[in-house]
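A.B. asks: I am sharing query.pdb, which consists of PDB, C-alpha atoms:
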```pdb
ATOM      1  CA  MET X   1      39.145 -67.249 -26.698
ATOM      2  CA  THR X   2      40.157 -64.865 -29.452
ATOM      3  CA  ALA X   3      39.953 -61.148 -30.043
ATOM      4  CA  ASP X   4      40.684 -61.569 -33.753
ATOM      5  CA  THR X   5      37.681 -59.932 -35.401
ATOM      6  CA  ARG X   6      38.241 -61.843 -38.644
ATOM      7  CA  ALA X   7      38.031 -65.153 -36.801
ATOM      8  CA  LEU X   8      34.960 -63.868 -34.970
ATOM      9  CA  SER X   9      33.452 -62.850 -38.285
ATOM     10  CA  ARG X  10      33.976 -66.293 -39.761
ATOM     11  CA  ALA X  11      32.548 -68.001 -36.679
ATOM     12  CA  ALA X  12      29.521 -65.698 -36.601
ATOM     13  CA  THR X  13      28.887 -66.167 -40.329
ATOM     14  CA  GLU X  14      28.971 -69.926 -39.946
ATOM     15  CA  ALA X  15      26.524 -69.706 -37.047
ATOM     16  CA  VAL X  16      24.116 -67.460 -38.965
ATOM     17  CA  LEU X  17      24.143 -69.771 -41.973
ATOM     18  CA  GLY X  18      23.121 -72.567 -39.622
ATOM     19  CA  VAL X  19      19.877 -70.803 -38.667
ATOM     20  CA  PRO X  20      16.959 -72.466 -40.464
ATOM     21  CA  GLY X  21      15.340 -70.106 -42.960
ATOM     22  CA  VAL X  22      18.466 -68.047 -43.562
ATOM     23  CA  ARG X  23      19.298 -68.266 -47.257
ATOM     24  CA  SER X  24      22.466 -66.210 -47.313
ATOM     25  CA  VAL X  25      24.554 -63.664 -45.484
ATOM     26  CA  ILE X  26      25.632 -60.531 -47.328
ATOM     27  CA  PRO X  27      28.517 -58.327 -46.261
ATOM     28  CA  PRO X  28      27.232 -55.004 -44.909
ATOM     29  CA  GLY X  29      28.458 -52.304 -47.251
ATOM     30  CA  PRO X  30      28.394 -48.523 -47.202
ATOM     31  CA  ARG X  31      25.151 -46.564 -47.068
ATOM     32  CA  LEU X  32      23.357 -45.910 -50.349
ATOM     33  CA  ALA X  33      24.253 -42.211 -50.342
ATOM     34  CA  VAL X  34      27.914 -43.183 -50.144
ATOM     35  CA  LEU X  35      27.556 -45.727 -52.959
ATOM     36  CA  VAL X  36      25.769 -43.258 -55.210
ATOM     37  CA  ARG X  37      28.601 -40.799 -54.772
ATOM     38  CA  ASP X  38      31.400 -43.337 -55.088
ATOM     39  CA  VAL X  39      30.792 -47.014 -55.753
ATOM     40  CA  ARG X  40      34.470 -47.751 -55.110
ATOM     41  CA  SER X  41      33.808 -47.237 -51.407
ATOM     42  CA  VAL X  42      32.450 -50.786 -51.409
ATOM     43  CA  LEU X  43      35.947 -52.070 -52.129
ATOM     44  CA  ASP X  44      36.760 -51.398 -48.481
ATOM     45  CA  LEU X  45      34.685 -54.428 -47.506
ATOM     46  CA  PRO X  46      36.887 -56.922 -45.639
ATOM     47  CA  ARG X  47      38.144 -59.781 -47.819
ATOM     48  CA  ASP X  48      39.494 -62.232 -45.350
ATOM     49  CA  GLY X  49      36.725 -62.647 -42.806
ATOM     50  CA  GLY X  50      33.170 -63.900 -43.074
ATOM     51  CA  ALA X  51      30.178 -61.937 -44.324
ATOM     52  CA  VAL X  52      29.216 -60.870 -40.802
ATOM     53  CA  LEU X  53      31.016 -57.686 -39.854
ATOM     54  CA  VAL X  54      32.601 -57.727 -36.397
ATOM     55  CA  ASP X  55      34.621 -54.773 -35.264
ATOM     56  CA  GLU X  56      36.020 -53.434 -32.045
ATOM     57  CA  GLN X  57      34.448 -50.164 -30.968
ATOM     58  CA  GLY X  58      35.334 -48.125 -27.915
ATOM     59  CA  GLU X  59      32.570 -49.697 -25.853
ATOM     60  CA  GLY X  60      33.026 -53.276 -27.041
ATOM     61  CA  LEU X  61      32.356 -55.532 -29.989
ATOM     62  CA  ARG X  62      29.955 -54.338 -32.657
ATOM     63  CA  VAL X  63      28.328 -56.906 -34.957
ATOM     64  CA  ARG X  64      26.442 -56.180 -38.177
ATOM     65  CA  VAL X  65      24.562 -58.926 -40.013
ATOM     66  CA  VAL X  66      22.715 -58.623 -43.324
ATOM     67  CA  ILE X  67      20.609 -61.600 -44.329
ATOM     68  CA  VAL X  68      18.358 -62.991 -47.020
ATOM     69  CA  VAL X  69      15.619 -65.184 -45.560
ATOM     70  CA  ASP X  70      13.217 -67.769 -46.851
ATOM     71  CA  ALA X  71       9.627 -66.592 -47.377
ATOM     72  CA  GLY X  72       8.430 -69.786 -45.721
ATOM     73  CA  THR X  73       9.529 -68.579 -42.287
ATOM     74  CA  SER X  74       8.847 -65.312 -40.486
ATOM     75  CA  ALA X  75      11.416 -62.637 -41.300
ATOM     76  CA  ILE X  76      10.882 -61.198 -37.835
ATOM     77  CA  GLY X  77      11.494 -64.564 -36.204
ATOM     78  CA  ARG X  78      14.603 -65.104 -38.325
ATOM     79  CA  ALA X  79      16.023 -61.710 -37.336
ATOM     80  CA  LYS X  80      15.589 -62.555 -33.653
ATOM     81  CA  ALA X  81      16.988 -66.059 -34.090
ATOM     82  CA  VAL X  82      20.030 -64.687 -35.892
ATOM     83  CA  ARG X  83      20.606 -62.110 -33.167
ATOM     84  CA  ASP X  84      20.444 -64.811 -30.501
ATOM     85  CA  VAL X  85      22.815 -67.170 -32.290
ATOM     86  CA  VAL X  86      25.314 -64.412 -33.071
ATOM     87  CA  VAL X  87      25.419 -63.220 -29.479
ATOM     88  CA  ARG X  88      25.978 -66.779 -28.272
ATOM     89  CA  ARG X  89      28.691 -67.555 -30.814
ATOM     90  CA  VAL X  90      30.601 -64.325 -30.287
ATOM     91  CA  GLU X  91      30.437 -64.816 -26.550
ATOM     92  CA  ASP X  92      31.727 -68.378 -26.939
ATOM     93  CA  VAL X  93      34.626 -67.386 -29.171
ATOM     94  CA  ALA X  94      35.552 -63.987 -27.744
ATOM     95  CA  GLY X  95      34.666 -64.593 -24.127
ATOM     96  CA  ARG X  96      32.425 -61.524 -23.957
ATOM     97  CA  ARG X  97      29.054 -60.475 -25.257
ATOM     98  CA  PRO X  98      28.893 -58.028 -28.147
ATOM     99  CA  THR X  99      27.664 -54.625 -27.038
ATOM    100  CA  ASP X 100      25.941 -53.685 -30.267
ATOM    101  CA  VAL X 101      24.279 -56.114 -32.683
ATOM    102  CA  THR X 102      22.398 -55.104 -35.818
ATOM    103  CA  VAL X 103      20.511 -57.613 -37.965
ATOM    104  CA  ARG X 104      18.963 -56.424 -41.228
ATOM    105  CA  VAL X 105      16.693 -58.564 -43.383
ATOM    106  CA  VAL X 106      17.167 -57.241 -46.905
ATOM    107  CA  GLU X 107      15.418 -59.889 -48.992
ATOM    108  CA  ILE X 108      12.626 -62.385 -48.406
ATOM    109  CA  VAL X 109      12.687 -64.971 -51.171
TER
ATOM    110  CA  MET S   1      34.644 -38.453 -43.515
ATOM    111  CA  ASN S   2      32.413 -41.282 -42.411
ATOM    112  CA  ASP S   3      29.037 -42.581 -43.594
ATOM    113  CA  ASP S   4      27.128 -40.214 -41.352
ATOM    114  CA  ASP S   5      28.739 -37.187 -42.937
ATOM    115  CA  VAL S   6      27.392 -37.969 -46.406
ATOM    116  CA  ASP S   7      24.444 -35.835 -47.438
ATOM    117  CA  ASP S   8      21.443 -37.874 -48.568
ATOM    118  CA  ARG S   9      20.248 -35.044 -50.782
ATOM    119  CA  PHE S  10      20.952 -34.988 -54.505
ATOM    120  CA  GLY S  11      19.974 -31.641 -55.937
ATOM    121  CA  ALA S  12      16.720 -30.763 -54.210
ATOM    122  CA  PHE S  13      15.715 -34.362 -53.526
ATOM    123  CA  THR S  14      16.393 -37.063 -50.977
ATOM    124  CA  LEU S  15      17.432 -40.553 -51.965
ATOM    125  CA  ASP S  16      14.092 -41.857 -50.692
ATOM    126  CA  GLU S  17      12.264 -39.538 -53.087
ATOM    127  CA  LEU S  18      14.504 -40.523 -55.985
ATOM    128  CA  SER S  19      14.180 -44.229 -55.169
ATOM    129  CA  ASP S  20      10.394 -43.922 -55.107
ATOM    130  CA  TYR S  21      10.448 -42.139 -58.459
ATOM    131  CA  LEU S  22      12.650 -44.844 -59.938
ATOM    132  CA  ASP S  23      10.297 -47.494 -58.524
ATOM    133  CA  SER S  24       7.423 -45.831 -60.364
ATOM    134  CA  GLY S  25       9.279 -46.271 -63.654
ATOM    135  CA  ARG S  26       9.575 -42.449 -63.787
ATOM    136  CA  ASP S  27       5.893 -42.439 -64.669
ATOM    137  CA  PRO S  28       4.202 -40.000 -64.353
ATOM    138  CA  VAL S  29       7.156 -37.821 -65.267
ATOM    139  CA  ARG S  30       8.214 -35.427 -62.509
ATOM    140  CA  ASP S  31       9.462 -32.301 -64.221
ATOM    141  CA  ASP S  32      10.912 -30.998 -60.955
ATOM    142  CA  ILE S  33      13.175 -34.050 -60.706
ATOM    143  CA  GLU S  34      13.934 -34.366 -64.419
ATOM    144  CA  SER S  35      15.026 -30.730 -64.622
ATOM    145  CA  ASP S  36      17.413 -31.122 -61.678
ATOM    146  CA  ALA S  37      20.824 -32.180 -63.049
ATOM    147  CA  ALA S  38      22.110 -33.605 -59.751
ATOM    148  CA  ALA S  39      18.913 -35.568 -59.215
ATOM    149  CA  ARG S  40      19.028 -36.905 -62.783
ATOM    150  CA  ALA S  41      22.629 -38.024 -62.348
ATOM    151  CA  ALA S  42      21.718 -39.744 -59.078
ATOM    152  CA  LEU S  43      18.854 -41.553 -60.814
ATOM    153  CA  VAL S  44      21.262 -42.921 -63.411
ATOM    154  CA  ARG S  45      23.639 -44.023 -60.650
ATOM    155  CA  LEU S  46      20.815 -45.619 -58.673
ATOM    156  CA  GLY S  47      19.746 -47.580 -61.743
ATOM    157  CA  GLU S  48      23.301 -48.848 -62.220
ATOM    158  CA  LEU S  49      23.589 -49.824 -58.562
ATOM    159  CA  ARG S  50      20.298 -51.708 -58.678
ATOM    160  CA  ALA S  51      21.509 -53.711 -61.648
ATOM    161  CA  ALA S  52      24.828 -54.253 -59.802
ATOM    162  CA  SER S  53      26.449 -56.060 -62.677
ATOM    163  CA  SER S  54      30.092 -56.993 -62.605
ATOM    164  CA  GLU S  55      30.789 -54.219 -65.142
ATOM    165  CA  LEU S  56      30.008 -51.724 -62.411
ATOM    166  CA  LEU S  57      33.128 -52.756 -60.557
ATOM    167  CA  ASP S  58      35.120 -54.374 -63.275
ATOM    168  CA  ALA S  59      38.054 -52.009 -63.563
ATOM    169  CA  ASP S  60      38.311 -51.339 -59.859
ATOM    170  CA  VAL S  61      37.989 -54.956 -58.863
ATOM    171  CA  ARG S  62      40.579 -56.029 -61.413
ATOM    172  CA  ALA S  63      42.900 -53.514 -59.872
ATOM    173  CA  ALA S  64      42.219 -54.725 -56.344
ATOM    174  CA  ASP S  65      44.585 -57.320 -54.986
ATOM    175  CA  GLY S  66      43.174 -60.577 -53.722
ATOM    176  CA  ALA S  67      39.647 -60.079 -55.006
ATOM    177  CA  ASP S  68      38.261 -63.587 -55.341
ATOM    178  CA  GLU S  69      34.966 -64.607 -56.938
ATOM    179  CA  GLY S  70      33.230 -65.138 -53.610
ATOM    180  CA  TRP S  71      34.209 -61.695 -52.405
ATOM    181  CA  ILE S  72      33.090 -60.066 -55.673
ATOM    182  CA  ALA S  73      29.742 -61.869 -55.481
ATOM    183  CA  GLY S  74      29.324 -60.596 -51.926
ATOM    184  CA  VAL S  75      30.179 -57.055 -52.959
ATOM    185  CA  LEU S  76      27.682 -57.099 -55.824
ATOM    186  CA  ALA S  77      24.969 -58.541 -53.573
ATOM    187  CA  SER S  78      25.732 -55.823 -51.039
ATOM    188  CA  ILE S  79      25.390 -53.078 -53.653
ATOM    189  CA  ARG S  80      22.211 -54.516 -55.165
ATOM    190  CA  THR S  81      20.420 -55.014 -51.849
ATOM    191  CA  THR S  82      21.501 -51.605 -50.546
ATOM    192  CA  ALA S  83      20.213 -49.954 -53.716
ATOM    193  CA  HIS S  84      16.829 -51.631 -53.255
ATOM    194  CA  ALA S  85      16.661 -51.411 -49.476
ATOM    195  CA  GLY S  86      14.646 -48.244 -48.949
ATOM    196  CA  ARG S  87      13.963 -47.388 -45.342
ATOM    197  CA  ASP S  88      14.770 -49.613 -42.372
ATOM    198  CA  ILE S  89      11.653 -50.824 -40.570
ATOM    199  CA  PRO S  90      12.472 -51.665 -36.938
ATOM    200  CA  VAL S  91      11.335 -54.948 -35.442
ATOM    201  CA  PRO S  92       9.727 -54.543 -32.011
ATOM    202  CA  ASP S  93      12.216 -55.990 -29.545
ATOM    203  CA  ASP S  94      13.136 -55.578 -25.892
ATOM    204  CA  ASP S  95      16.918 -55.924 -26.150
ATOM    205  CA  PRO S  96      18.475 -52.441 -26.001
ATOM    206  CA  SER S  97      21.830 -53.708 -27.274
ATOM    207  CA  SER S  98      20.459 -54.964 -30.569
ATOM    208  CA  THR S  99      18.767 -53.415 -33.567
ATOM    209  CA  LEU S 100      16.643 -55.667 -35.745
ATOM    210  CA  VAL S 101      15.196 -54.370 -38.995
ATOM    211  CA  VAL S 102      13.410 -55.591 -42.076
ATOM    212  CA  THR S 103      13.968 -53.250 -44.984
ATOM    213  CA  GLU S 104      11.200 -51.664 -46.988
ATOM    214  CA  GLY S 105      12.857 -53.168 -50.055
ATOM    215  CA  ALA S 106      12.551 -56.680 -48.619
ATOM    216  CA  ILE S 107       8.791 -56.257 -48.155
ATOM    217  CA  ARG S 108       8.391 -54.636 -51.571
ATOM    218  CA  GLY S 109      10.307 -57.454 -53.223
ATOM    219  CA  LEU S 110       8.142 -60.021 -51.489
ATOM    220  CA  VAL S 111       4.942 -58.323 -52.658
ATOM    221  CA  ARG S 112       6.306 -58.140 -56.197
ATOM    222  CA  ALA S 113       7.138 -61.840 -56.123
ATOM    223  CA  LEU S 114       3.644 -62.671 -54.880
ATOM    224  CA  GLY S 115       2.201 -60.719 -57.808
ATOM    225  CA  ASP S 116       4.322 -62.777 -60.147
ATOM    226  CA  THR S 117       2.607 -65.937 -58.909
ATOM    227  CA  LEU S 118      -0.736 -64.726 -60.290
ATOM    228  CA  PRO S 119      -1.238 -65.008 -64.048
ATOM    229  CA  GLY S 120      -1.905 -61.668 -65.717
ATOM    230  CA  VAL S 121      -0.813 -59.566 -62.725
ATOM    231  CA  LEU S 122       2.182 -57.258 -62.505
ATOM    232  CA  VAL S 123       2.919 -55.352 -59.315
ATOM    233  CA  ARG S 124       3.999 -51.889 -60.334
ATOM    234  CA  ARG S 125       4.503 -50.316 -56.936
ATOM    235  CA  THR S 126       4.038 -50.871 -53.214
ATOM    236  CA  ARG S 127       3.714 -47.812 -51.027
ATOM    237  CA  PHE S 128       3.874 -47.658 -47.238
ATOM    238  CA  THR S 129       2.286 -44.664 -45.560
ATOM    239  CA  GLY S 130       2.852 -44.082 -41.870
ATOM    240  CA  ASP S 131       5.763 -43.613 -39.537
ATOM    241  CA  LEU S 132       7.891 -46.628 -40.379
ATOM    242  CA  SER S 133      10.416 -45.664 -37.722
ATOM    243  CA  VAL S 134       8.014 -46.637 -34.913
ATOM    244  CA  PRO S 135       8.448 -50.345 -34.098
ATOM    245  CA  GLY S 136       5.131 -52.090 -34.644
ATOM    246  CA  GLY S 137       3.425 -48.832 -35.607
ATOM    247  CA  PRO S 138       0.371 -48.617 -37.855
ATOM    248  CA  VAL S 139       1.054 -48.421 -41.587
ATOM    249  CA  ASP S 140      -1.207 -48.110 -44.614
ATOM    250  CA  VAL S 141      -0.131 -50.285 -47.526
ATOM    251  CA  GLU S 142      -1.100 -49.655 -51.129
ATOM    252  CA  VAL S 143      -0.188 -52.068 -53.903
ATOM    253  CA  ALA S 144      -0.600 -50.709 -57.419
ATOM    254  CA  ILE S 145      -0.936 -53.385 -60.077
ATOM    255  CA  VAL S 146      -1.259 -53.709 -63.798
ATOM    256  CA  VAL S 147      -3.592 -56.453 -64.987
ATOM    257  CA  ASP S 148      -4.043 -58.319 -68.245
ATOM    258  CA  PRO S 149      -7.502 -57.308 -69.508
ATOM    259  CA  ALA S 150      -8.135 -60.935 -70.428
ATOM    260  CA  ALA S 151      -7.812 -61.913 -66.766
ATOM    261  CA  PRO S 152     -10.671 -61.645 -64.256
ATOM    262  CA  ILE S 153      -9.547 -58.315 -62.863
ATOM    263  CA  ARG S 154     -11.621 -58.214 -59.693
ATOM    264  CA  SER S 155     -10.773 -61.735 -58.634
ATOM    265  CA  ARG S 156      -7.079 -61.290 -59.414
ATOM    266  CA  ALA S 157      -6.997 -58.168 -57.245
ATOM    267  CA  ASP S 158      -8.833 -60.005 -54.456
ATOM    268  CA  GLU S 159      -6.480 -62.982 -54.699
ATOM    269  CA  LEU S 160      -3.451 -60.731 -54.506
ATOM    270  CA  ARG S 161      -4.884 -58.858 -51.548
ATOM    271  CA  THR S 162      -5.410 -62.130 -49.694
ATOM    272  CA  ILE S 163      -1.896 -63.459 -50.216
ATOM    273  CA  VAL S 164      -0.256 -60.096 -49.551
ATOM    274  CA  ALA S 165      -2.202 -59.739 -46.301
ATOM    275  CA  ALA S 166      -0.999 -63.168 -45.186
ATOM    276  CA  ALA S 167       2.596 -62.365 -46.136
ATOM    277  CA  LEU S 168       2.561 -59.034 -44.314
ATOM    278  CA  ALA S 169       1.120 -60.689 -41.214
ATOM    279  CA  GLU S 170       4.048 -63.099 -41.306
ATOM    280  CA  HIS S 171       6.923 -60.832 -42.217
ATOM    281  CA  ALA S 172       6.147 -57.138 -41.732
ATOM    282  CA  PRO S 173       7.304 -55.617 -38.457
ATOM    283  CA  PHE S 174       4.427 -53.126 -38.461
ATOM    284  CA  GLU S 175       0.692 -53.210 -37.903
ATOM    285  CA  VAL S 176      -1.144 -53.148 -41.225
ATOM    286  CA  ARG S 177      -3.762 -50.462 -40.660
ATOM    287  CA  SER S 178      -5.120 -50.800 -44.174
ATOM    288  CA  LEU S 179      -4.245 -52.743 -47.296
ATOM    289  CA  THR S 180      -5.394 -51.478 -50.668
ATOM    290  CA  VAL S 181      -4.822 -53.182 -53.991
ATOM    291  CA  ARG S 182      -5.342 -50.635 -56.739
ATOM    292  CA  VAL S 183      -5.612 -51.606 -60.389
ATOM    293  CA  ALA S 184      -3.577 -48.792 -61.879
ATOM    294  CA  ASP S 185      -3.645 -49.866 -65.488
ATOM    295  CA  LEU S 186      -4.314 -52.663 -67.908
ATOM    296  CA  LEU S 187      -1.526 -54.452 -69.722
ATOM    297  CA  ALA S 188      -1.415 -53.579 -73.378
ATOM    298  CA  PRO S 189      -3.053 -56.321 -75.482
ATOM    299  CA  GLY S 190      -0.581 -58.977 -76.523
ATOM    300  CA  ARG S 191       2.019 -57.798 -74.060
ATOM    301  CA  ASN S 192       3.252 -60.496 -71.772
ATOM    302  CA  GLN S 193       4.231 -59.739 -68.164
TER
END
```
Can the structure from this file be put into structure tokens for me?

C.D. replies:
Amino acid sequence: MTADTRALSRAATEAVLGVPGVRSVIPPGPRLAVLVRDVRSVLDLPRDGGAVLVDEQGEGLRVRVVIVVDAGTSAIGRAKAVRDVVVRRVEDVAGRRPTDVTVRVVEIV
Amino acid sequence: MNDDDVDDRFGAFTLDELSDYLDSGRDPVRDDIESDAAARAALVRLGELRAASSELLDADVRAADGADEGWIAGVLASIRTTAHAGRDIPVPDDDPSSTLVVTEGAIRGLVRALGDTLPGVLVRRTRFTGDLSVPGGPVDVEVAIVVDPAAPIRSRADELRTIVAAALAEHAPFEVRSLTVRVADLLAPGRNQ
């Protein structure tokens, strides 16, 4: 069991990439309004974890996943499959379920 | 200051409005936007973010310690997809601890790619009308295309409508209430897609 969010991030990223139909995982960056005002805000993206963002919030672990999926499989089905696999992997590695999981499909290619 | 504190408005316009205008190729020209200096500056910035080339970050990234190629590629992909994302469309789901979304930009990109598979067809714009924030809610979809006059216009539009309908049924987290393919213009003679 580990509480290291970077290790959790790497484990979750590996799990997401193993979901059939997932082409890639993209690090979740700042909102567009933030980027338009200052693109350098993106440089705060973590450099030593995986592309899945895992952080400790007051209520528990928060996970954010941004994915590109294959057009040959349902984007909706992929989002649900990714959620399920991330919850399982984080629970396996951290010993507790994440309390907040967001999966965004940003490209269907 | 965190993300939630950042105002989405640039001049008199929201980012959604400016993104839509950029998607239209700034055609027809909107004098209200073009005469608004803050909105114009945001349009330029949006265009740069959508291109998300390494030049956008070059100086800053060079200055950042430990920035490897993989990280830079991830950063650029993050910027590019965020700049094209549009609104989040929620996926109907029963789990209260998770949020699943497909972005408007993902669906638009898919429709554009489907248009590219048909000779003589160029998708200019895809518009969603309805409350996209309601999971599984009804949405009207309009796809505006430009067609080569040498191509069979009616059949190309019908073909596109068929494949877009199938793709939306597979990927869109909303109910397609209507799907309209509108031939907005003809490609200039001799102009390739």

A.B. asks: Output as a ChimeraX atom specification the set of chain S residues within 9 Å of chain X, with distances taken over all atoms listed in the file.

C.D. replies: /S:3-4,6-10,15,42,45-46,49,56-57,60-61,64,66-68,71,74-75,77-79,81-85,88,91-93,96-107,109-110,113,167,170-173

A.B. asks: Atom CA of S:Val176 to atom CA of S:Phe128: how many Å, to one decimal?

C.D. replies: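 Calculated distance between atom CA of S:Val176 and atom CA of S:Phe128 is 9.6 Å.
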
A.B. asks: Calculate, to one decimal in Å, the centre and edge lengths of the box along x, y and z of the file that holds all listed atoms of stretch 39-58 of chain X with 4 Å of margin on each side, and present them as lines of an AutoDock Vina configuration file.

C.D. replies:
```
center_x = 34.4
center_y = -55.5
center_z = -41.8
size_x = 18.3
size_y = 24.9
size_z = 35.8
```

A.B. asks: Which value, in Å to one decimal, gives the distance between atom CA of S:Arg26 and atom CA of S:Leu187?

C.D. replies: 17.4 Å

A.B. asks: Could you write out as a PyMOL selection string the residues that the PyMOL selection byres ((chain X and resi 5) around 9) matches in the shown file?

C.D. replies: chain X and resi 2-4+6-10+49+53-56+61+94

A.B. asks: Compute the distance from (-4.6, -57.0, -55.0) to each atom, counting all atoms listed in the file, keep the residues with any atom at most 7 Å away, and return them as a count of residues only; use the coordinates of the file.

C.D. replies: 9

A.B. asks: To one decimal place in Å, what is the distance between atom CA of X:Pro20 and atom CA of S:Gly137?

C.D. replies: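 Atom CA of S:Gly137 lies 27.7 Å from atom CA of X:Pro20.
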
A.B. asks: For a quick check of understanding, using only C-alpha atoms, which of S:Asp148, S:Thr126, S:Ser155, S:Gly136 has the smallest distance to S:Leu179?

C.D. replies: S:Thr126

A.B. asks: Evaluate the PyMOL selection byres ((chain S and resi 23) around 12) on the structure here and hand back the selected residues as a PyMOL selection string.

C.D. replies: chain S and resi 15-22+24-28+43+46-47+50+83-86+105+108-109+112+123-127+144

A.B. asks: Pull C-alpha atoms from the residues just selected and write them as a JSON list (two decimals), keeping the file's coordinate frame.

C.D. replies:
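Saved file out.json follows:
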```
[["chain", "number", "residue", "atom", "x", "y", "z"],
["S", 15, "LEU", "CA", 17.43, -40.55, -51.96],
["S", 16, "ASP", "CA", 14.09, -41.86, -50.69],
["S", 17, "GLU", "CA", 12.26, -39.54, -53.09],
["S", 18, "LEU", "CA", 14.50, -40.52, -55.98],
["S", 19, "SER", "CA", 14.18, -44.23, -55.17],
["S", 20, "ASP", "CA", 10.39, -43.92, -55.11],
["S", 21, "TYR", "CA", 10.45, -42.14, -58.46],
["S", 22, "LEU", "CA", 12.65, -44.84, -59.94],
["S", 24, "SER", "CA", 7.42, -45.83, -60.36],
["S", 25, "GLY", "CA", 9.28, -46.27, -63.65],
["S", 26, "ARG", "CA", 9.57, -42.45, -63.79],
["S", 27, "ASP", "CA", 5.89, -42.44, -64.67],
["S", 28, "PRO", "CA", 4.20, -40.00, -64.35],
["S", 43, "LEU", "CA", 18.85, -41.55, -60.81],
["S", 46, "LEU", "CA", 20.82, -45.62, -58.67],
["S", 47, "GLY", "CA", 19.75, -47.58, -61.74],
["S", 50, "ARG", "CA", 20.30, -51.71, -58.68],
["S", 83, "ALA", "CA", 20.21, -49.95, -53.72],
["S", 84, "HIS", "CA", 16.83, -51.63, -53.26],
["S", 85, "ALA", "CA", 16.66, -51.41, -49.48],
["S", 86, "GLY", "CA", 14.65, -48.24, -48.95],
["S", 105, "GLY", "CA", 12.86, -53.17, -50.06],
["S", 108, "ARG", "CA", 8.39, -54.64, -51.57],
["S", 109, "GLY", "CA", 10.31, -57.45, -53.22],
["S", 112, "ARG", "CA", 6.31, -58.14, -56.20],
["S", 123, "VAL", "CA", 2.92, -55.35, -59.32],
["S", 124, "ARG", "CA", 4.00, -51.89, -60.33],
["S", 125, "ARG", "CA", 4.50, -50.32, -56.94],
["S", 126, "THR", "CA", 4.04, -50.87, -53.21],
["S", 127, "ARG", "CA", 3.71, -47.81, -51.03],
["S", 144, "ALA", "CA", -0.60, -50.71, -57.42]]
```

A.B. asks: Taking the partial coordinates given, rebuild stretch 22-36 of chain S to contain N, CA and C atoms; return it as a tab-separated table (two decimals), in the frame of the given file.

C.D. replies:
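result-v1.tsv was written with the following content:
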```tsv
chain	number	residue	atom	x	y	z
S	22	LEU	N	12.10	-43.77	-59.10
S	22	LEU	CA	12.65	-44.84	-59.94
S	22	LEU	C	11.74	-46.07	-59.88
S	23	ASP	N	11.22	-46.36	-58.68
S	23	ASP	CA	10.30	-47.49	-58.52
S	23	ASP	C	9.04	-47.32	-59.38
S	24	SER	N	8.64	-46.08	-59.59
S	24	SER	CA	7.42	-45.83	-60.36
S	24	SER	C	7.68	-45.93	-61.87
S	25	GLY	N	8.93	-46.24	-62.24
S	25	GLY	CA	9.28	-46.27	-63.65
S	25	GLY	C	9.33	-44.87	-64.25
S	26	ARG	N	9.54	-43.87	-63.40
S	26	ARG	CA	9.57	-42.45	-63.79
S	26	ARG	C	8.29	-42.06	-64.52
S	27	ASP	N	7.20	-42.67	-64.06
S	27	ASP	CA	5.89	-42.44	-64.67
S	27	ASP	C	4.85	-42.29	-63.56
S	28	PRO	N	4.14	-41.16	-63.46
S	28	PRO	CA	4.20	-40.00	-64.35
S	28	PRO	C	5.52	-39.22	-64.18
S	29	VAL	N	5.90	-38.57	-65.26
S	29	VAL	CA	7.16	-37.82	-65.27
S	29	VAL	C	7.08	-36.68	-64.26
S	30	ARG	N	8.13	-36.55	-63.45
S	30	ARG	CA	8.21	-35.43	-62.51
S	30	ARG	C	9.18	-34.41	-63.08
S	31	ASP	N	8.62	-33.32	-63.60
S	31	ASP	CA	9.46	-32.30	-64.22
S	31	ASP	C	10.44	-31.69	-63.23
S	32	ASP	N	10.01	-31.60	-61.95
S	32	ASP	CA	10.91	-31.00	-60.96
S	32	ASP	C	12.17	-31.84	-60.77
S	33	ILE	N	12.00	-33.17	-60.83
S	33	ILE	CA	13.18	-34.05	-60.71
S	33	ILE	C	13.96	-34.07	-62.01
S	34	GLU	N	13.25	-34.22	-63.12
S	34	GLU	CA	13.93	-34.37	-64.42
S	34	GLU	C	14.72	-33.11	-64.80
S	35	SER	N	14.31	-31.97	-64.27
S	35	SER	CA	15.03	-30.73	-64.62
S	35	SER	C	16.17	-30.43	-63.64
S	36	ASP	N	16.36	-31.31	-62.67
S	36	ASP	CA	17.41	-31.12	-61.68
S	36	ASP	C	18.60	-32.02	-62.07
```
